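Reproduced below: upload-v8.pdb, with PDB, C-alpha atoms.
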```pdb
ATOM      1  CA  MET A   1     -49.883  38.248 -93.427
ATOM      2  CA  ILE A   2     -48.295  34.831 -94.161
ATOM      3  CA  PRO A   3     -50.802  31.965 -93.739
ATOM      4  CA  ASN A   4     -49.581  28.421 -93.111
ATOM      5  CA  LEU A   5     -46.141  29.655 -92.080
ATOM      6  CA  GLN A   6     -43.878  26.922 -90.695
ATOM      7  CA  ALA A   7     -40.535  27.650 -89.041
ATOM      8  CA  LEU A   8     -37.289  25.690 -89.299
ATOM      9  CA  ASN A   9     -34.258  26.850 -87.308
ATOM     10  CA  ILE A  10     -30.927  25.398 -88.436
ATOM     11  CA  SER A  11     -28.720  28.229 -87.162
ATOM     12  CA  VAL A  12     -25.587  27.509 -85.125
ATOM     13  CA  SER A  13     -24.365  30.078 -82.608
ATOM     14  CA  GLY A  14     -20.691  30.998 -82.864
ATOM     15  CA  SER A  15     -20.203  29.503 -86.320
ATOM     16  CA  ASN A  16     -18.397  31.197 -89.185
ATOM     17  CA  SER A  17     -19.011  31.309 -92.915
ATOM     18  CA  LEU A  18     -16.616  28.436 -93.580
ATOM     19  CA  GLN A  19     -18.996  26.203 -91.624
ATOM     20  CA  HIS A  20     -22.208  27.644 -93.041
ATOM     21  CA  LEU A  21     -21.996  26.193 -96.553
ATOM     22  CA  ASP A  22     -21.592  22.631 -95.277
ATOM     23  CA  HIS A  23     -24.268  23.270 -92.682
ATOM     24  CA  ILE A  24     -26.779  24.371 -95.330
ATOM     25  CA  ARG A  25     -25.988  21.343 -97.467
ATOM     26  CA  ASP A  26     -26.279  18.979 -94.506
ATOM     27  CA  ARG A  27     -29.324  20.424 -92.743
ATOM     28  CA  LEU A  28     -31.556  22.064 -95.352
ATOM     29  CA  SER A  29     -33.520  19.523 -97.405
ATOM     30  CA  VAL A  30     -35.242  20.059-100.738
ATOM     31  CA  GLN A  31     -38.792  21.295-100.221
ATOM     32  CA  SER A  32     -41.886  20.449-102.235
ATOM     33  CA  ASP A  33     -42.929  22.549-105.214
ATOM     34  CA  ASP A  34     -45.798  24.161-103.300
ATOM     35  CA  VAL A  35     -43.479  25.648-100.641
ATOM     36  CA  PHE A  36     -42.202  29.208-100.915
ATOM     37  CA  GLY A  37     -39.167  29.760 -98.682
ATOM     38  CA  LEU A  38     -38.451  32.811 -96.554
ATOM     39  CA  VAL A  39     -34.848  32.416 -95.447
ATOM     40  CA  VAL A  40     -33.300  34.764 -92.880
ATOM     41  CA  MET A  41     -29.583  34.497 -92.271
ATOM     42  CA  THR A  42     -26.438  36.182 -91.066
ATOM     43  CA  THR A  43     -22.998  35.029 -92.128
ATOM     44  CA  GLY A  44     -19.509  36.506 -91.977
ATOM     45  CA  GLY A  45     -19.546  38.510 -88.764
ATOM     46  CA  ASN A  46     -17.731  35.872 -86.757
ATOM     47  CA  ASP A  47     -15.125  35.644 -89.529
ATOM     48  CA  LEU A  48     -14.054  39.156 -88.487
ATOM     49  CA  ILE A  49     -14.273  39.129 -84.680
ATOM     50  CA  HIS A  50     -12.747  35.733 -83.851
ATOM     51  CA  TRP A  51     -10.542  35.147 -81.941
ATOM     52  CA  TYR A  52     -10.451  38.646 -80.480
ATOM     53  CA  GLY A  53      -6.796  39.115 -81.349
ATOM     54  CA  GLN A  54      -5.704  36.323 -79.010
ATOM     55  CA  ARG A  55      -4.489  34.102 -81.863
ATOM     56  CA  PRO A  56      -2.784  34.851 -85.176
ATOM     57  CA  PRO A  57      -5.345  35.844 -87.827
ATOM     58  CA  LYS A  58      -6.497  33.242 -90.300
ATOM     59  CA  GLU A  59      -9.398  32.709 -92.669
ATOM     60  CA  GLY A  60     -12.610  32.476 -90.670
ATOM     61  CA  ALA A  61     -11.002  34.110 -87.624
ATOM     62  CA  MET A  62      -9.184  37.104 -89.034
ATOM     63  CA  TYR A  63      -9.125  39.574 -86.146
ATOM     64  CA  GLY A  64      -5.914  41.600 -86.452
ATOM     65  CA  ALA A  65      -5.264  40.867 -90.133
ATOM     66  CA  THR A  66      -4.031  43.472 -92.598
ATOM     67  CA  LEU A  67      -6.181  44.232 -95.619
ATOM     68  CA  ALA A  68      -3.540  42.725 -97.904
ATOM     69  CA  GLN A  69      -3.511  39.547 -95.827
ATOM     70  CA  ALA A  70      -7.301  39.374 -95.867
ATOM     71  CA  ARG A  71      -7.793  39.906 -99.615
ATOM     72  CA  PRO A  72      -7.850  36.196-100.561
ATOM     73  CA  TRP A  73     -10.093  35.431 -97.574
ATOM     74  CA  ILE A  74     -12.516  38.133 -98.725
ATOM     75  CA  ASP A  75     -12.603  36.620-102.232
ATOM     76  CA  ASN A  76     -13.196  33.168-100.739
ATOM     77  CA  TYR A  77     -16.041  34.608 -98.666
ATOM     78  CA  GLY A  78     -17.681  35.781-101.877
ATOM     79  CA  GLN A  79     -17.356  32.328-103.417
ATOM     80  CA  ARG A  80     -18.898  30.740-100.318
ATOM     81  CA  LEU A  81     -21.788  33.208-100.381
ATOM     82  CA  ASP A  82     -22.453  32.392-104.018
ATOM     83  CA  SER A  83     -22.496  28.675-103.209
ATOM     84  CA  MET A  84     -24.692  29.218-100.141
ATOM     85  CA  PHE A  85     -27.287  31.168-102.089
ATOM     86  CA  GLU A  86     -27.267  28.604-104.906
ATOM     87  CA  SER A  87     -27.673  25.749-102.417
ATOM     88  CA  ILE A  88     -30.598  27.462-100.715
ATOM     89  CA  GLU A  89     -32.270  28.257-104.032
ATOM     90  CA  ARG A  90     -31.999  24.612-105.110
ATOM     91  CA  CYS A  91     -33.810  23.577-101.939
ATOM     92  CA  PHE A  92     -36.847  25.670-102.882
ATOM     93  CA  PRO A  93     -38.008  24.672-106.385
ATOM     94  CA  GLY A  94     -41.230  26.558-105.614
ATOM     95  CA  GLY A  95     -39.239  29.773-105.130
ATOM     96  CA  CYS A  96     -37.768  31.644-102.189
ATOM     97  CA  LEU A  97     -36.546  34.955-100.867
ATOM     98  CA  ILE A  98     -33.270  35.024 -98.950
ATOM     99  CA  PHE A  99     -32.882  37.863 -96.452
ATOM    100  CA  VAL A 100     -29.224  38.182 -95.452
ATOM    101  CA  ALA A 101     -27.977  40.814 -93.031
ATOM    102  CA  ASP A 102     -24.903  42.860 -93.741
ATOM    103  CA  ILE A 103     -22.353  43.039 -90.920
ATOM    104  CA  TYR A 104     -22.613  45.648 -88.191
ATOM    105  CA  ASP A 105     -19.841  47.800 -86.745
ATOM    106  CA  PRO A 106     -19.796  47.993 -82.919
ATOM    107  CA  SER A 107     -17.216  50.806 -83.101
ATOM    108  CA  ASP A 108     -19.814  53.167 -84.625
ATOM    109  CA  GLY A 109     -17.503  53.928 -87.540
ATOM    110  CA  ALA A 110     -14.470  54.762 -85.380
ATOM    111  CA  GLY A 111     -12.547  51.532 -85.951
ATOM    112  CA  ASP A 112     -11.125  51.539 -82.417
ATOM    113  CA  PRO A 113     -11.817  48.213 -80.692
ATOM    114  CA  GLU A 114      -9.024  49.156 -78.282
ATOM    115  CA  ALA A 115     -11.549  51.584 -76.743
ATOM    116  CA  VAL A 116     -13.005  48.534 -75.006
ATOM    117  CA  TRP A 117     -10.936  45.500 -74.091
ATOM    118  CA  LEU A 118      -9.736  44.298 -77.495
ATOM    119  CA  PRO A 119      -6.324  44.780 -79.115
ATOM    120  CA  ALA A 120      -6.047  47.591 -81.664
ATOM    121  CA  TRP A 121      -6.820  46.536 -85.237
ATOM    122  CA  PRO A 122      -5.779  49.238 -87.714
ATOM    123  CA  ASP A 123      -7.382  47.607 -90.764
ATOM    124  CA  CYS A 124     -10.681  46.578 -89.172
ATOM    125  CA  LEU A 125     -12.841  49.110 -90.998
ATOM    126  CA  PRO A 126     -11.384  48.513 -94.494
ATOM    127  CA  ILE A 127     -11.815  44.765 -94.008
ATOM    128  CA  LEU A 128     -15.364  45.175 -92.712
ATOM    129  CA  GLU A 129     -16.172  47.425 -95.668
ATOM    130  CA  ALA A 130     -14.675  44.896 -98.086
ATOM    131  CA  TYR A 131     -16.645  42.036 -96.520
ATOM    132  CA  ASN A 132     -19.908  43.954 -96.767
ATOM    133  CA  GLY A 133     -19.029  45.014-100.291
ATOM    134  CA  LYS A 134     -18.462  41.412-101.291
ATOM    135  CA  LEU A 135     -21.770  40.402 -99.723
ATOM    136  CA  ARG A 136     -23.638  43.060-101.704
ATOM    137  CA  GLU A 137     -21.789  42.149-104.908
ATOM    138  CA  ILE A 138     -22.741  38.481-104.656
ATOM    139  CA  ALA A 139     -26.293  39.226-103.499
ATOM    140  CA  ALA A 140     -26.828  41.341-106.609
ATOM    141  CA  LYS A 141     -26.201  38.250-108.737
ATOM    142  CA  HIS A 142     -29.154  36.429-107.187
ATOM    143  CA  PRO A 143     -32.675  37.811-107.800
ATOM    144  CA  SER A 144     -33.917  35.927-104.735
ATOM    145  CA  VAL A 145     -31.532  37.659-102.302
ATOM    146  CA  ARG A 146     -32.279  40.814-100.307
ATOM    147  CA  VAL A 147     -29.566  42.483 -98.203
ATOM    148  CA  VAL A 148     -31.006  43.547 -94.845
ATOM    149  CA  PRO A 149     -29.442  46.902 -93.766
ATOM    150  CA  VAL A 150     -28.323  45.945 -90.272
ATOM    151  CA  HIS A 151     -25.002  47.815 -90.538
ATOM    152  CA  ASP A 152     -26.589  51.229 -91.003
ATOM    153  CA  ALA A 153     -29.352  50.588 -88.468
ATOM    154  CA  PHE A 154     -26.849  49.670 -85.740
ATOM    155  CA  LEU A 155     -24.555  52.669 -86.264
ATOM    156  CA  GLY A 156     -24.851  54.923 -83.242
ATOM    157  CA  HIS A 157     -25.705  52.031 -80.923
ATOM    158  CA  GLY A 158     -22.184  50.719 -80.389
ATOM    159  CA  ILE A 159     -19.384  51.569 -77.991
ATOM    160  CA  HIS A 160     -19.628  55.319 -78.686
ATOM    161  CA  CYS A 161     -23.427  55.564 -78.527
ATOM    162  CA  ARG A 162     -23.468  58.222 -75.765
ATOM    163  CA  LYS A 163     -20.972  60.565 -77.418
ATOM    164  CA  PHE A 164     -23.152  63.281 -78.895
ATOM    165  CA  TRP A 165     -20.314  64.792 -80.928
ATOM    166  CA  ARG A 166     -19.862  61.621 -82.977
ATOM    167  CA  PRO A 167     -21.302  61.607 -86.516
ATOM    168  CA  HIS A 168     -23.570  58.612 -85.878
ATOM    169  CA  PHE A 169     -25.020  59.792 -82.559
ATOM    170  CA  ARG A 170     -28.742  58.937 -82.295
ATOM    171  CA  SER A 171     -30.309  61.664 -80.195
ATOM    172  CA  GLU A 172     -33.689  59.918 -80.313
ATOM    173  CA  ASP A 173     -32.244  56.641 -78.980
ATOM    174  CA  PRO A 174     -28.623  56.813 -77.744
ATOM    175  CA  CYS A 175     -28.720  53.253 -76.400
ATOM    176  CA  TYR A 176     -26.184  50.433 -76.544
ATOM    177  CA  TRP A 177     -27.301  47.393 -78.563
ATOM    178  CA  TYR A 178     -24.435  44.936 -77.901
ATOM    179  CA  LEU A 179     -23.269  42.550 -75.219
ATOM    180  CA  ASP A 180     -19.961  43.238 -73.502
ATOM    181  CA  ASN A 181     -18.170  40.991 -76.015
ATOM    182  CA  ILE A 182     -19.232  43.492 -78.768
ATOM    183  CA  GLU A 183     -19.855  40.422 -80.938
ATOM    184  CA  ASP A 184     -23.492  39.685 -80.102
ATOM    185  CA  PRO A 185     -26.498  41.971 -79.663
ATOM    186  CA  ASN A 186     -28.050  42.454 -76.234
ATOM    187  CA  ASP A 187     -31.823  42.175 -75.754
ATOM    188  CA  ARG A 188     -32.347  45.656 -77.176
ATOM    189  CA  GLY A 189     -30.168  44.806 -80.150
ATOM    190  CA  TYR A 190     -31.943  41.520 -80.819
ATOM    191  CA  ASP A 191     -35.278  43.312 -80.730
ATOM    192  CA  ALA A 192     -33.941  45.807 -83.287
ATOM    193  CA  LEU A 193     -32.556  42.962 -85.396
ATOM    194  CA  ARG A 194     -35.960  41.277 -85.410
ATOM    195  CA  ARG A 195     -37.634  44.523 -86.456
ATOM    196  CA  ILE A 196     -35.143  45.215 -89.265
ATOM    197  CA  PHE A 197     -35.644  41.739 -90.719
ATOM    198  CA  LEU A 198     -39.431  41.945 -90.404
ATOM    199  CA  ASN A 199     -39.500  45.324 -92.149
ATOM    200  CA  SER A 200     -37.461  43.875 -95.006
ATOM    201  CA  ILE A 201     -39.866  40.954 -95.300
ATOM    202  CA  VAL A 202     -42.922  43.219 -95.201
ATOM    203  CA  ALA A 203     -41.434  45.292 -98.029
ATOM    204  CA  GLU A 204     -41.690  42.169-100.221
ATOM    205  CA  HIS A 205     -45.313  41.422 -99.323
ATOM    206  CA  GLU A 206     -46.556  41.548-102.909
ATOM    207  CA  LEU A 207     -44.078  38.904-104.020
ATOM    208  CA  ILE A 208     -44.685  36.749-100.955
ATOM    209  CA  ALA A 209     -48.476  36.885-101.395
ATOM    210  CA  ARG A 210     -48.395  35.432-104.915
TER     211      ARG A 210
END
```

Take the structure I supplied and represent it as structure tokens, if you would.
Amino acid sequence: MIPNLQALNISVSGSNSLQHLDHIRDRLSVQSDDVFGLVVMTTGGNDLIHWYGQRPPKEGAMYGATLAQARPWIDNYGQRLDSMFESIERCFPGGCLIFVADIYDPSDGAGDPEAVWLPAWPDCLPILEAYNGKLREIAAKHPSVRVVPVHDAFLGHGIHCRKFWRPHFRSEDPCYWYLDNIEDPNDRGYDALRRIFLNSIVAEHELIAR
């Protein structure tokens, strides 16, 4: 499907969006005019989960924050996304597509991390919704950006995946897609993540083939 494809992995496990902008600027060089970039990325999820309620919430590690407290951090996230997308686009004068995942919800829409081992976080769902909303808002400003629907695909595969009375129960595949830390996918989740990204890329085959 994509001849002459070359891969470059500059991802950093455990990093947050505050680190990603500098990382892109430091590690992603300007490509030649005959290169078309396919960029796959996730950013923002660790901003929400760290540090599991064991430290006071702050920007980039806001677990336990109120929505009011998080509002300026959410706005700053949008500004970082805008700068990240612009930086990536500048590195591909021959054009690019940026596939960025929205952020999944391991609580399957229940907003109850206390159901596992984490402290309760009353505003987790409004903050998650606001973060994903900001991502979609900024992505819409950039014709090169495609939001990959990881959030919806992962619903029903979180901590309540076996509860058939829940609204997101997946009778065809009621399997858990996360590690015990509920931050990272397990092998099944990573396989699903790969498939979701690939399907999004395939959907753009006409543009990629030009």

**Explicit residue set for the PyMOL selection byres ((chain A and resi 36-50) around 8), as a PyMOL selection string** = chain A and resi 14-17+20+33-35+51-53+59-63+77+92+94-104+128+131+183+197+208

**Message:** Can you spell out as an NGL selection string the set of residues that the PyMOL selection byres ((chain A and resi 22) around 12) selects in the structure I just provided?
**Reply:** :A and (10 or 12 or 15-21 or 23-28 or 80-81 or 83-84 or 87-88)

Output C-alpha atoms for every residue in that selection, as an mmCIF file, in the frame of the given file.
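The resulting file, result.cif, is reproduced below:
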```
data_model
loop_
_atom_site.group_PDB
_atom_site.id
_atom_site.type_symbol
_atom_site.label_atom_id
_atom_site.label_comp_id
_atom_site.auth_asym_id
_atom_site.auth_seq_id
_atom_site.Cartn_x
_atom_site.Cartn_y
_atom_site.Cartn_z
ATOM 1 C CA ILE A 10 -30.927 25.398 -88.436
ATOM 2 C CA VAL A 12 -25.587 27.509 -85.125
ATOM 3 C CA SER A 15 -20.203 29.503 -86.320
ATOM 4 C CA ASN A 16 -18.397 31.197 -89.185
ATOM 5 C CA SER A 17 -19.011 31.309 -92.915
ATOM 6 C CA LEU A 18 -16.616 28.436 -93.580
ATOM 7 C CA GLN A 19 -18.996 26.203 -91.624
ATOM 8 C CA HIS A 20 -22.208 27.644 -93.041
ATOM 9 C CA LEU A 21 -21.996 26.193 -96.553
ATOM 10 C CA HIS A 23 -24.268 23.270 -92.682
ATOM 11 C CA ILE A 24 -26.779 24.371 -95.330
ATOM 12 C CA ARG A 25 -25.988 21.343 -97.467
ATOM 13 C CA ASP A 26 -26.279 18.979 -94.506
ATOM 14 C CA ARG A 27 -29.324 20.424 -92.743
ATOM 15 C CA LEU A 28 -31.556 22.064 -95.352
ATOM 16 C CA ARG A 80 -18.898 30.740 -100.318
ATOM 17 C CA LEU A 81 -21.788 33.208 -100.381
ATOM 18 C CA SER A 83 -22.496 28.675 -103.209
ATOM 19 C CA MET A 84 -24.692 29.218 -100.141
ATOM 20 C CA SER A 87 -27.673 25.749 -102.417
ATOM 21 C CA ILE A 88 -30.598 27.462 -100.715
#
```

Box in all listed atoms of range 96-111 of chain A, axis-aligned, with 8 Å more on each side; write out centre and edge lengths in Å to one decimal as lines of an AutoDock Vina configuration file.
```
center_x = -25.2
center_y = 43.2
center_z = -92.6
size_x = 41.2
size_y = 39.1
size_z = 35.3
```

**Request:** Could you give me, as a list of chain:residue names, the residues within 12 Å of Lys163 in chain A, counting only C-alpha atoms and dropping anything in the same chain fewer than 6 positions from it?
**Result:**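 The residues that qualify are A:Ser107, A:Asp108, A:Ala110, A:Gly156, A:His157, A:Phe169, A:Arg170, A:Ser171, A:Pro174, A:Cys175, A:Tyr176.
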
Using only C-alpha atoms, please write the residues we just selected to a file, as a tab-separated table (two decimals), in the coordinates of the input.
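In the end it all went to again-v2.tsv:
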```tsv
chain	number	residue	atom	x	y	z
A	107	SER	CA	-17.22	50.81	-83.10
A	108	ASP	CA	-19.81	53.17	-84.62
A	110	ALA	CA	-14.47	54.76	-85.38
A	156	GLY	CA	-24.85	54.92	-83.24
A	157	HIS	CA	-25.70	52.03	-80.92
A	169	PHE	CA	-25.02	59.79	-82.56
A	170	ARG	CA	-28.74	58.94	-82.30
A	171	SER	CA	-30.31	61.66	-80.19
A	174	PRO	CA	-28.62	56.81	-77.74
A	175	CYS	CA	-28.72	53.25	-76.40
A	176	TYR	CA	-26.18	50.43	-76.54
```

**Request:** Excluding Ile127 in chain A and any residue of its chain fewer than 4 positions from it, enumerate the residues within 9 Å of it, using only C-alpha atoms, and give them as a count of residues only.
**Result:** 10

Applied to this file, what does the PyMOL selection byres ((chain A and resi 179-182) around 10) return in terms of residues, put as an mmCIF file with C-alpha atoms, in the coordinates of the input?
```cif
data_model
loop_
_atom_site.group_PDB
_atom_site.id
_atom_site.type_symbol
_atom_site.label_atom_id
_atom_site.label_comp_id
_atom_site.auth_asym_id
_atom_site.auth_seq_id
_atom_site.Cartn_x
_atom_site.Cartn_y
_atom_site.Cartn_z
ATOM 1 C CA ILE A 49 -14.273 39.129 -84.680
ATOM 2 C CA TYR A 52 -10.451 38.646 -80.480
ATOM 3 C CA ASP A 105 -19.841 47.800 -86.745
ATOM 4 C CA PRO A 106 -19.796 47.993 -82.919
ATOM 5 C CA SER A 107 -17.216 50.806 -83.101
ATOM 6 C CA PRO A 113 -11.817 48.213 -80.692
ATOM 7 C CA VAL A 116 -13.005 48.534 -75.006
ATOM 8 C CA TRP A 117 -10.936 45.500 -74.091
ATOM 9 C CA LEU A 118 -9.736 44.298 -77.495
ATOM 10 C CA GLY A 158 -22.184 50.719 -80.389
ATOM 11 C CA ILE A 159 -19.384 51.569 -77.991
ATOM 12 C CA TYR A 176 -26.184 50.433 -76.544
ATOM 13 C CA TRP A 177 -27.301 47.393 -78.563
ATOM 14 C CA TYR A 178 -24.435 44.936 -77.901
ATOM 15 C CA GLU A 183 -19.855 40.422 -80.938
ATOM 16 C CA ASP A 184 -23.492 39.685 -80.102
ATOM 17 C CA PRO A 185 -26.498 41.971 -79.663
ATOM 18 C CA ASN A 186 -28.050 42.454 -76.234
ATOM 19 C CA ASP A 187 -31.823 42.175 -75.754
ATOM 20 C CA ARG A 188 -32.347 45.656 -77.176
ATOM 21 C CA GLY A 189 -30.168 44.806 -80.150
#
```

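Considering the residues A:Asn199, A:Gly109, A:Asn76, A:Ala192 and counting only C-alpha atoms, Leu155 in chain A has its shortest atom-to-atom contact with A:Gly109.
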
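Here CA of Pro72 in chain A stands at a distance of 25.9 Å from CA of Asp152 in chain A.
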
**Prompt:** Which is closer to Pro122 in chain A than all the others in A:Val145, A:Glu86, A:Glu172, A:Gly64, using all atoms listed in the file?
**Reply:** A:Gly64

**Request:** Rank nothing, just name the residue among A:Trp121, A:Trp73, A:Gly78, A:Arg146 nearest to Ile201 in chain A, using all atoms listed in the file.
**Result:**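 So, comparing all the options, the nearest one is A:Arg146.
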
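Nearest-residue note for Cys91 in chain A: choosing from A:Ser200, A:Asn4, A:Asn9, A:Ser32, the minimum distance belongs to A:Ser32, counting all atoms listed in the file.
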
**Message:** Would you compute the distance between CA of Arg162 in chain A and CA of Pro149 in chain A? Give it in Å to one decimal.
**Reply:**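 CA of Pro149 in chain A lies 22.1 Å from CA of Arg162 in chain A.
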
**Prompt:** If you measure from CA of Asp112 in chain A to CA of Leu125 in chain A, what distance in Å do you get, rounded to one decimal?
**Reply:**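 We find that CA of Asp112 in chain A and CA of Leu125 in chain A lie 9.1 Å from each other.
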
Student task, range 71-93 of chain A output with N, CA and C atoms as a CSV table (one decimal), in the first residue's frame:
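The result, stored in result_16.csv:
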```
chain,number,residue,atom,x,y,z
A,71,ARG,N,-9.1,24.3,34.3
A,71,ARG,CA,-9.4,25.1,33.1
A,71,ARG,C,-8.2,25.7,32.4
A,72,PRO,N,-7.3,26.4,33.2
A,72,PRO,CA,-6.2,27.0,32.5
A,72,PRO,C,-5.2,25.9,31.9
A,73,TRP,N,-5.1,24.8,32.6
A,73,TRP,CA,-4.3,23.7,32.1
A,73,TRP,C,-4.8,23.1,30.8
A,74,ILE,N,-6.2,23.1,30.7
A,74,ILE,CA,-6.8,22.6,29.5
A,74,ILE,C,-6.5,23.6,28.3
A,75,ASP,N,-6.7,24.9,28.6
A,75,ASP,CA,-6.4,25.9,27.6
A,75,ASP,C,-4.9,25.8,27.1
A,76,ASN,N,-4.0,25.6,28.1
A,76,ASN,CA,-2.6,25.5,27.7
A,76,ASN,C,-2.3,24.3,26.9
A,77,TYR,N,-3.1,23.2,27.2
A,77,TYR,CA,-2.9,22.0,26.4
A,77,TYR,C,-3.3,22.3,24.9
A,78,GLY,N,-4.4,23.0,24.7
A,78,GLY,CA,-4.7,23.4,23.3
A,78,GLY,C,-3.7,24.2,22.6
A,79,GLN,N,-3.0,25.1,23.4
A,79,GLN,CA,-2.0,25.9,22.8
A,79,GLN,C,-0.8,25.0,22.4
A,80,ARG,N,-0.5,24.1,23.3
A,80,ARG,CA,0.7,23.1,23.0
A,80,ARG,C,0.3,22.3,21.8
A,81,LEU,N,-0.9,21.8,21.7
A,81,LEU,CA,-1.3,21.0,20.5
A,81,LEU,C,-1.1,21.8,19.2
A,82,ASP,N,-1.6,23.0,19.2
A,82,ASP,CA,-1.5,23.9,18.1
A,82,ASP,C,0.0,24.0,17.7
A,83,SER,N,0.9,24.3,18.6
A,83,SER,CA,2.3,24.4,18.4
A,83,SER,C,2.9,23.1,17.9
A,84,MET,N,2.5,22.0,18.5
A,84,MET,CA,3.0,20.7,18.0
A,84,MET,C,2.6,20.4,16.6
A,85,PHE,N,1.4,20.6,16.2
A,85,PHE,CA,0.9,20.3,14.9
A,85,PHE,C,1.7,21.3,13.9
A,86,GLU,N,1.8,22.5,14.3
A,86,GLU,CA,2.6,23.5,13.4
A,86,GLU,C,4.0,23.0,13.2
A,87,SER,N,4.6,22.6,14.3
A,87,SER,CA,6.0,22.2,14.2
A,87,SER,C,6.2,20.9,13.3
A,88,ILE,N,5.3,20.0,13.5
A,88,ILE,CA,5.3,18.8,12.6
A,88,ILE,C,5.1,19.2,11.2
A,89,GLU,N,4.1,20.0,10.9
A,89,GLU,CA,3.9,20.4,9.5
A,89,GLU,C,5.1,21.1,8.9
A,90,ARG,N,5.8,21.9,9.7
A,90,ARG,CA,7.0,22.6,9.1
A,90,ARG,C,8.1,21.6,8.8
A,91,CYS,N,8.1,20.5,9.4
A,91,CYS,CA,9.1,19.5,9.1
A,91,CYS,C,8.8,18.7,7.9
A,92,PHE,N,7.7,18.8,7.3
A,92,PHE,CA,7.3,18.1,6.1
A,92,PHE,C,6.8,19.0,5.0
A,93,PRO,N,7.8,19.8,4.4
A,93,PRO,CA,7.4,20.7,3.3
A,93,PRO,C,6.7,20.0,2.1
```
